[in-house]
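Before any comments, here is the structure.
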Protein chains: 2
Amino acid sequence: MSEKISFFMKKYQERIEELLLAVFPEELAEDPTVKAAMYSLLAGGKRIRPVLMYMVADMLHLDLSVVDDFAVSMEMVHTYSLIHDDLPCMDDDCLRRGKPTCHIAHGEAFALLAGDALLNRAFERVLTAVSKNAKTASAASYFAENTGILGMIGGQSIDLSSEGKKIDTGRLCELHEKKTGALINASCLIPYLIYAAENGEDRKLYDLIHRFSAGTGLGFQIKDDLLDVQADEQVLGKSTGKDERDSKSTFVTVFGEKSAQKMLDDTYADVYDALDELSSLGWDVTALRQFSDVLQNRVQ
Amino acid sequence: MSEKISFFMKKYQERIEELLLAVFPEELAEDPTVKAAMYSLLAGGKRIRPVLMYMVADMLHLDLSVVDDFAVSMEMVHTYSLIHDDLPCMDDDCLRRGKPTCHIAHGEAFALLAGDALLNRAFERVLTAVSKNAKTASAASYFAENTGILGMIGGQSIDLSSEGKKIDTGRLCELHEKKTGALINASCLIPYLIYAAENGEDRKLYDLIHRFSAGTGLGFQIKDDLLDVQADEQVLGKSTGKDERDSKSTFVTVFGEKSAQKMLDDTYADVYDALDELSSLGWDVTALRQFSDVLQNRVQ
């Protein structure tokens, strides 16, 4: 990782880590649900969604404080989804980010409640953002749509109902567009929606950010599926080879490793293309380009 | 139940039932998560929270359509909390409202997702309300606070961590103020907050509605605890005698049945007192008074 991108990521990661420390009121620090939630929230996630959100916000010359509430909420939603996904009745995973999953460390009941508490708290923050700045209202609605049944939860539902079944390419893409893509997409487009509320709509700009975010979401999932068969469990920090064992429909189990690798390369070609177009319009995409390189070549 | 109150309740119940039918987009009707959510949402709940919300809104001469989104969201949050509460890792209940619980009928994984989907969708609706009418912003924040770790989830967390332990009266009251009280309280105060945003604050009015809602919330829980030992399982529609078996701290297990009955009577004396004061200020509390009578004397 180049020093420059490392500097770029660090700035955003430090910002989000500090905000995450304060998501629950201090007087609740000893509450077992809060403890379980904080255990997972601070378990060393890569903060990809907040980092993307901050990078797009910076590109659009927004004050980062305008997206802080959304960045925090996005990471809280991502974390709750992992906690619930890891539960025995779902993926039944014991290892996450190299540590015992929430229900292993805090018990199933508190893990369940911790997930609920994180989702609810995320919306408390989103509503705070709207109260502070009415121009974030459409970003808030977009957030909610992408985290719910029309977005991430909808994707999990398709995923769960497809286990052990053959699904076609269209359904596989819909699954991942929703399950992984929705949060990544919202992370990139929330800054645009706030920008548009302040400066008026810019269709071309929207289209390019959307192309970038769609490719980034799809690429993220293909890479995840590839890592499930290629990565070292120790480095990855979670169990590998599970997709095949669980009869999951992934880009690797459906198309094979070689085709999935080709799809990843094509997807990233499009991501870089969208960034080039943004650059030609005068937007500084240096950080986003370097971050894309990091995501494409990650080993965990 | 007198015919008059029956008419009053019916009007609101029919309004909420119709709205609940349409909480998810029609194209998702076949999604298994949506099916599980709708199974529980339409399982014949008494709609106490929406009815209270509508009654207070009517008393305050609000257009009922202004609170519709909140009434629907409140019932969705209540339903999700029941679905998650009934899961094996929580209360492990098989019977709810006289029917198999959600996870018995739809499996644990979809029950979990259905709960998540209902919570998320509730906030989608709350954000829609704020988009339509900026004057509902503080009601929206109040909603979120009462459903989360500072409200209902916080109460569930105390409940769960108190199982099998002796807790003092203060802690028992905090538990129930949050676990049951928070949603009932918010149901009554959301119409006030919208009223206040439109007409200016009225401290006396706030205090009286708050006294009414606090008593109604407390009374509801004491009655629930009494029904656990007094009711017919067939009529109640859920398992009885569970509190003792599960070593739960309830008003009955802590104070005994006789004292709990006395507390219920005292609490309702205060509820009627608050209603009398509202009435003397010129507000029409006919429906609320009759509904309180129904709640105090319910058998399920």
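The chains in the structure tokens are called A, B, ... from first to last as shown; in each chain the residues are counted from 1, and the ligands are counted from 1 in the order shown.
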**Asked** What residues in chain B lie within 7 Å of chain A, counting only C-alpha atoms, written as number ranges by chain?
**Response** B: 32-33, 89-90, 108-109, 117, 120-121, 123-124, 127, 131, 137, 141, 144-145, 148-149, 153, 157
**Asked** Could you pull out the alpha helix (DSSP H) residues of stretch 104-207 of chain A from DSSP and send them as number ranges by chain?
**Response** A: 104-106, 108-132, 137-147, 152-162, 169-176, 182-199, 203-207
Taking C-alpha atoms for each residue, export the selection above as a PDB file, in the first residue's frame.
```
ATOM      1  CA  ILE A 104     -19.718 -16.657  21.021  1.00  0.00           C
ATOM      2  CA  ALA A 105     -18.316 -13.859  23.179  1.00  0.00           C
ATOM      3  CA  HIS A 106     -21.546 -12.450  24.628  1.00  0.00           C
ATOM      4  CA  GLU A 108     -26.914 -15.381  21.584  1.00  0.00           C
ATOM      5  CA  ALA A 109     -29.528 -13.300  23.377  1.00  0.00           C
ATOM      6  CA  PHE A 110     -27.296 -10.275  23.835  1.00  0.00           C
ATOM      7  CA  ALA A 111     -25.915 -10.636  20.313  1.00  0.00           C
ATOM      8  CA  LEU A 112     -29.465 -10.503  18.978  1.00  0.00           C
ATOM      9  CA  LEU A 113     -30.286  -7.452  21.098  1.00  0.00           C
ATOM     10  CA  ALA A 114     -26.944  -5.818  20.232  1.00  0.00           C
ATOM     11  CA  GLY A 115     -27.834  -6.064  16.549  1.00  0.00           C
ATOM     12  CA  ASP A 116     -31.260  -4.552  17.170  1.00  0.00           C
ATOM     13  CA  ALA A 117     -29.725  -1.797  19.279  1.00  0.00           C
ATOM     14  CA  LEU A 118     -27.167  -0.923  16.576  1.00  0.00           C
ATOM     15  CA  LEU A 119     -29.826  -0.740  13.861  1.00  0.00           C
ATOM     16  CA  ASN A 120     -32.085   1.412  16.006  1.00  0.00           C
ATOM     17  CA  ARG A 121     -29.217   3.651  17.114  1.00  0.00           C
ATOM     18  CA  ALA A 122     -28.162   4.120  13.485  1.00  0.00           C
ATOM     19  CA  PHE A 123     -31.575   5.601  12.746  1.00  0.00           C
ATOM     20  CA  GLU A 124     -31.416   7.755  15.863  1.00  0.00           C
ATOM     21  CA  ARG A 125     -28.253   9.271  14.362  1.00  0.00           C
ATOM     22  CA  VAL A 126     -29.752   9.621  10.902  1.00  0.00           C
ATOM     23  CA  LEU A 127     -32.723  11.463  12.423  1.00  0.00           C
ATOM     24  CA  THR A 128     -30.306  13.678  14.345  1.00  0.00           C
ATOM     25  CA  ALA A 129     -28.625  14.524  11.040  1.00  0.00           C
ATOM     26  CA  VAL A 130     -31.985  15.498   9.532  1.00  0.00           C
ATOM     27  CA  SER A 131     -32.853  17.609  12.586  1.00  0.00           C
ATOM     28  CA  LYS A 132     -29.526  19.437  12.327  1.00  0.00           C
ATOM     29  CA  ALA A 137     -33.604  14.457   4.339  1.00  0.00           C
ATOM     30  CA  SER A 138     -33.396  12.711   0.975  1.00  0.00           C
ATOM     31  CA  ALA A 139     -30.020  11.190   1.905  1.00  0.00           C
ATOM     32  CA  ALA A 140     -31.700   9.844   5.056  1.00  0.00           C
ATOM     33  CA  SER A 141     -34.535   8.249   3.100  1.00  0.00           C
ATOM     34  CA  TYR A 142     -32.019   6.768   0.670  1.00  0.00           C
ATOM     35  CA  PHE A 143     -30.066   5.340   3.590  1.00  0.00           C
ATOM     36  CA  ALA A 144     -33.191   3.668   5.009  1.00  0.00           C
ATOM     37  CA  GLU A 145     -34.219   2.250   1.656  1.00  0.00           C
ATOM     38  CA  ASN A 146     -30.811   0.680   1.082  1.00  0.00           C
ATOM     39  CA  THR A 147     -30.540  -0.913   4.518  1.00  0.00           C
ATOM     40  CA  MET A 152     -29.519  -5.235   2.212  1.00  0.00           C
ATOM     41  CA  ILE A 153     -32.185  -7.208   4.084  1.00  0.00           C
ATOM     42  CA  GLY A 154     -33.825  -8.043   0.761  1.00  0.00           C
ATOM     43  CA  GLY A 155     -30.487  -9.455  -0.407  1.00  0.00           C
ATOM     44  CA  GLN A 156     -30.107 -11.543   2.727  1.00  0.00           C
ATOM     45  CA  SER A 157     -33.586 -12.880   2.190  1.00  0.00           C
ATOM     46  CA  ILE A 158     -32.801 -13.938  -1.382  1.00  0.00           C
ATOM     47  CA  ASP A 159     -29.513 -15.435  -0.183  1.00  0.00           C
ATOM     48  CA  LEU A 160     -31.223 -17.476   2.506  1.00  0.00           C
ATOM     49  CA  SER A 161     -33.977 -18.724   0.232  1.00  0.00           C
ATOM     50  CA  SER A 162     -31.441 -19.684  -2.478  1.00  0.00           C
ATOM     51  CA  THR A 169     -27.190 -15.120 -13.215  1.00  0.00           C
ATOM     52  CA  GLY A 170     -29.847 -12.411 -12.972  1.00  0.00           C
ATOM     53  CA  ARG A 171     -30.965 -13.587  -9.549  1.00  0.00           C
ATOM     54  CA  LEU A 172     -27.345 -13.944  -8.379  1.00  0.00           C
ATOM     55  CA  CYS A 173     -26.641 -10.368  -9.427  1.00  0.00           C
ATOM     56  CA  GLU A 174     -29.815  -9.098  -7.752  1.00  0.00           C
ATOM     57  CA  LEU A 175     -28.840 -10.966  -4.601  1.00  0.00           C
ATOM     58  CA  HIS A 176     -25.447  -9.299  -4.415  1.00  0.00           C
ATOM     59  CA  ALA A 182     -26.832  -1.581  -1.371  1.00  0.00           C
ATOM     60  CA  LEU A 183     -24.715  -0.315   1.539  1.00  0.00           C
ATOM     61  CA  ILE A 184     -21.701   0.439  -0.655  1.00  0.00           C
ATOM     62  CA  ASN A 185     -23.928   2.175  -3.153  1.00  0.00           C
ATOM     63  CA  ALA A 186     -25.611   4.262  -0.453  1.00  0.00           C
ATOM     64  CA  SER A 187     -22.216   5.134   1.034  1.00  0.00           C
ATOM     65  CA  CYS A 188     -21.159   6.700  -2.261  1.00  0.00           C
ATOM     66  CA  LEU A 189     -24.477   8.315  -3.143  1.00  0.00           C
ATOM     67  CA  ILE A 190     -25.377   9.840   0.229  1.00  0.00           C
ATOM     68  CA  PRO A 191     -22.690  12.538  -0.215  1.00  0.00           C
ATOM     69  CA  TYR A 192     -24.009  13.168  -3.735  1.00  0.00           C
ATOM     70  CA  LEU A 193     -27.598  13.553  -2.432  1.00  0.00           C
ATOM     71  CA  ILE A 194     -26.443  16.085   0.167  1.00  0.00           C
ATOM     72  CA  TYR A 195     -24.373  17.867  -2.504  1.00  0.00           C
ATOM     73  CA  ALA A 196     -27.415  17.934  -4.821  1.00  0.00           C
ATOM     74  CA  ALA A 197     -29.675  19.312  -2.073  1.00  0.00           C
ATOM     75  CA  GLU A 198     -27.190  22.138  -1.609  1.00  0.00           C
ATOM     76  CA  ASN A 199     -26.141  22.791  -5.211  1.00  0.00           C
ATOM     77  CA  ARG A 203     -27.375  14.082 -13.643  1.00  0.00           C
ATOM     78  CA  LYS A 204     -23.982  13.390 -15.208  1.00  0.00           C
ATOM     79  CA  LEU A 205     -22.278  13.504 -11.822  1.00  0.00           C
ATOM     80  CA  TYR A 206     -24.929  11.204 -10.336  1.00  0.00           C
ATOM     81  CA  ASP A 207     -24.529   8.694 -13.167  1.00  0.00           C
TER      82      ASP A 207
END
```
Pick out the residues sitting within 8 Å of B:Leu42, and hand them over as an mmCIF file with N, CA and C atoms, in the first residue's frame; count only C-alpha atoms, and ignore anything fewer than 3 positions along from it in its own chain.
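Saved result, out35.cif, follows:
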```
data_model
loop_
_atom_site.group_PDB
_atom_site.id
_atom_site.type_symbol
_atom_site.label_atom_id
_atom_site.label_comp_id
_atom_site.auth_asym_id
_atom_site.auth_seq_id
_atom_site.Cartn_x
_atom_site.Cartn_y
_atom_site.Cartn_z
ATOM 1 N N GLU B 17 -55.364 -1.436 10.591
ATOM 2 C CA GLU B 17 -55.291 -2.721 9.879
ATOM 3 C C GLU B 17 -55.094 -2.489 8.377
ATOM 4 N N LEU B 20 -51.569 -1.365 7.721
ATOM 5 C CA LEU B 20 -50.581 -2.429 7.930
ATOM 6 C C LEU B 20 -50.507 -3.371 6.733
ATOM 7 N N LEU B 21 -51.634 -3.544 6.056
ATOM 8 C CA LEU B 21 -51.653 -4.426 4.880
ATOM 9 C C LEU B 21 -50.682 -3.952 3.803
ATOM 10 N N MET B 38 -45.310 -10.327 7.690
ATOM 11 C CA MET B 38 -46.752 -10.099 7.577
ATOM 12 C C MET B 38 -47.549 -11.102 8.416
ATOM 13 N N TYR B 39 -47.020 -12.324 8.512
ATOM 14 C CA TYR B 39 -47.657 -13.342 9.352
ATOM 15 C C TYR B 39 -47.836 -12.817 10.779
ATOM 16 N N GLY B 45 -53.175 -8.736 16.590
ATOM 17 C CA GLY B 45 -52.800 -7.916 17.750
ATOM 18 C C GLY B 45 -53.913 -6.937 18.079
#
```
**Request:** Please provide as number ranges by chain all residues within 10 Å of B:Val252, with the sequence filter that same-chain residues fewer than 6 positions apart are discarded (counting only C-alpha atoms).
**Result:** B: 222-229, 243-244, 258-261
Please write the residues from the selection above to a file, keeping N, CA and C atoms, as a PDB file, in the first residue's frame.
```
ATOM      1  N   ILE B 222     -48.260  -4.214  34.796  1.00  0.00           N
ATOM      2  CA  ILE B 222     -48.755  -4.886  36.011  1.00  0.00           C
ATOM      3  C   ILE B 222     -49.884  -5.845  35.631  1.00  0.00           C
ATOM      4  N   LYS B 223     -50.775  -5.371  34.765  1.00  0.00           N
ATOM      5  CA  LYS B 223     -51.892  -6.219  34.314  1.00  0.00           C
ATOM      6  C   LYS B 223     -51.354  -7.461  33.584  1.00  0.00           C
ATOM      7  N   ASP B 224     -50.353  -7.261  32.749  1.00  0.00           N
ATOM      8  CA  ASP B 224     -49.738  -8.388  32.045  1.00  0.00           C
ATOM      9  C   ASP B 224     -49.189  -9.416  33.027  1.00  0.00           C
ATOM     10  N   ASP B 225     -48.502  -8.926  34.047  1.00  0.00           N
ATOM     11  CA  ASP B 225     -47.922  -9.817  35.056  1.00  0.00           C
ATOM     12  C   ASP B 225     -49.026 -10.553  35.812  1.00  0.00           C
ATOM     13  N   LEU B 226     -50.138  -9.845  36.087  1.00  0.00           N
ATOM     14  CA  LEU B 226     -51.272 -10.484  36.777  1.00  0.00           C
ATOM     15  C   LEU B 226     -51.915 -11.545  35.892  1.00  0.00           C
ATOM     16  N   LEU B 227     -52.056 -11.212  34.603  1.00  0.00           N
ATOM     17  CA  LEU B 227     -52.681 -12.169  33.686  1.00  0.00           C
ATOM     18  C   LEU B 227     -51.854 -13.450  33.579  1.00  0.00           C
ATOM     19  N   ASP B 228     -50.531 -13.310  33.720  1.00  0.00           N
ATOM     20  CA  ASP B 228     -49.661 -14.487  33.637  1.00  0.00           C
ATOM     21  C   ASP B 228     -50.026 -15.533  34.695  1.00  0.00           C
ATOM     22  N   VAL B 229     -50.552 -15.066  35.829  1.00  0.00           N
ATOM     23  CA  VAL B 229     -50.953 -16.027  36.869  1.00  0.00           C
ATOM     24  C   VAL B 229     -52.468 -16.234  36.946  1.00  0.00           C
ATOM     25  N   ASP B 243     -43.538 -16.681  33.920  1.00  0.00           N
ATOM     26  CA  ASP B 243     -42.667 -15.757  34.660  1.00  0.00           C
ATOM     27  C   ASP B 243     -41.993 -16.463  35.838  1.00  0.00           C
ATOM     28  N   GLU B 244     -42.805 -17.199  36.592  1.00  0.00           N
ATOM     29  CA  GLU B 244     -42.286 -17.942  37.746  1.00  0.00           C
ATOM     30  C   GLU B 244     -41.263 -18.989  37.260  1.00  0.00           C
ATOM     31  N   LYS B 258     -51.468  -9.982  45.446  1.00  0.00           N
ATOM     32  CA  LYS B 258     -52.368  -9.032  46.101  1.00  0.00           C
ATOM     33  C   LYS B 258     -51.809  -7.604  46.008  1.00  0.00           C
ATOM     34  N   SER B 259     -50.526  -7.478  46.295  1.00  0.00           N
ATOM     35  CA  SER B 259     -49.900  -6.151  46.223  1.00  0.00           C
ATOM     36  C   SER B 259     -49.908  -5.634  44.797  1.00  0.00           C
ATOM     37  N   ALA B 260     -49.680  -6.540  43.852  1.00  0.00           N
ATOM     38  CA  ALA B 260     -49.670  -6.134  42.442  1.00  0.00           C
ATOM     39  C   ALA B 260     -51.045  -5.610  42.038  1.00  0.00           C
ATOM     40  N   GLN B 261     -52.101  -6.287  42.533  1.00  0.00           N
ATOM     41  CA  GLN B 261     -53.465  -5.836  42.226  1.00  0.00           C
ATOM     42  C   GLN B 261     -53.716  -4.436  42.798  1.00  0.00           C
TER      43      GLN B 261
END
```
**Message:** as JSON, numbers by chain, please: the residues near stretch 283-288 of chain A (cut-off 9 Å, only C-alpha atoms, same-chain neighbours under 4 positions excluded).
**Reply:** {"A": [4, 5, 8, 9, 52, 55, 56, 58, 59, 60, 275, 276, 277, 278, 279, 292, 293]}
**Item:** Residue list (strand (DSSP E or B), DSSP) for stretch 36-255 of chain B, as an MDAnalysis selection string
**Value:** chainID B and resid 95:96 99:100
Would you save the residues of that selection, restricted to C-alpha atoms, as an mmCIF file, in the first residue's frame?
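Listing of out-v6.cif after writing:
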```
data_model
loop_
_atom_site.group_PDB
_atom_site.id
_atom_site.type_symbol
_atom_site.label_atom_id
_atom_site.label_comp_id
_atom_site.auth_asym_id
_atom_site.auth_seq_id
_atom_site.Cartn_x
_atom_site.Cartn_y
_atom_site.Cartn_z
ATOM 1 C CA LEU B 95 -47.512 -19.540 21.131
ATOM 2 C CA ARG B 96 -48.382 -15.894 20.532
ATOM 3 C CA LYS B 99 -51.006 -18.913 16.958
ATOM 4 C CA PRO B 100 -47.586 -20.505 16.473
#
```
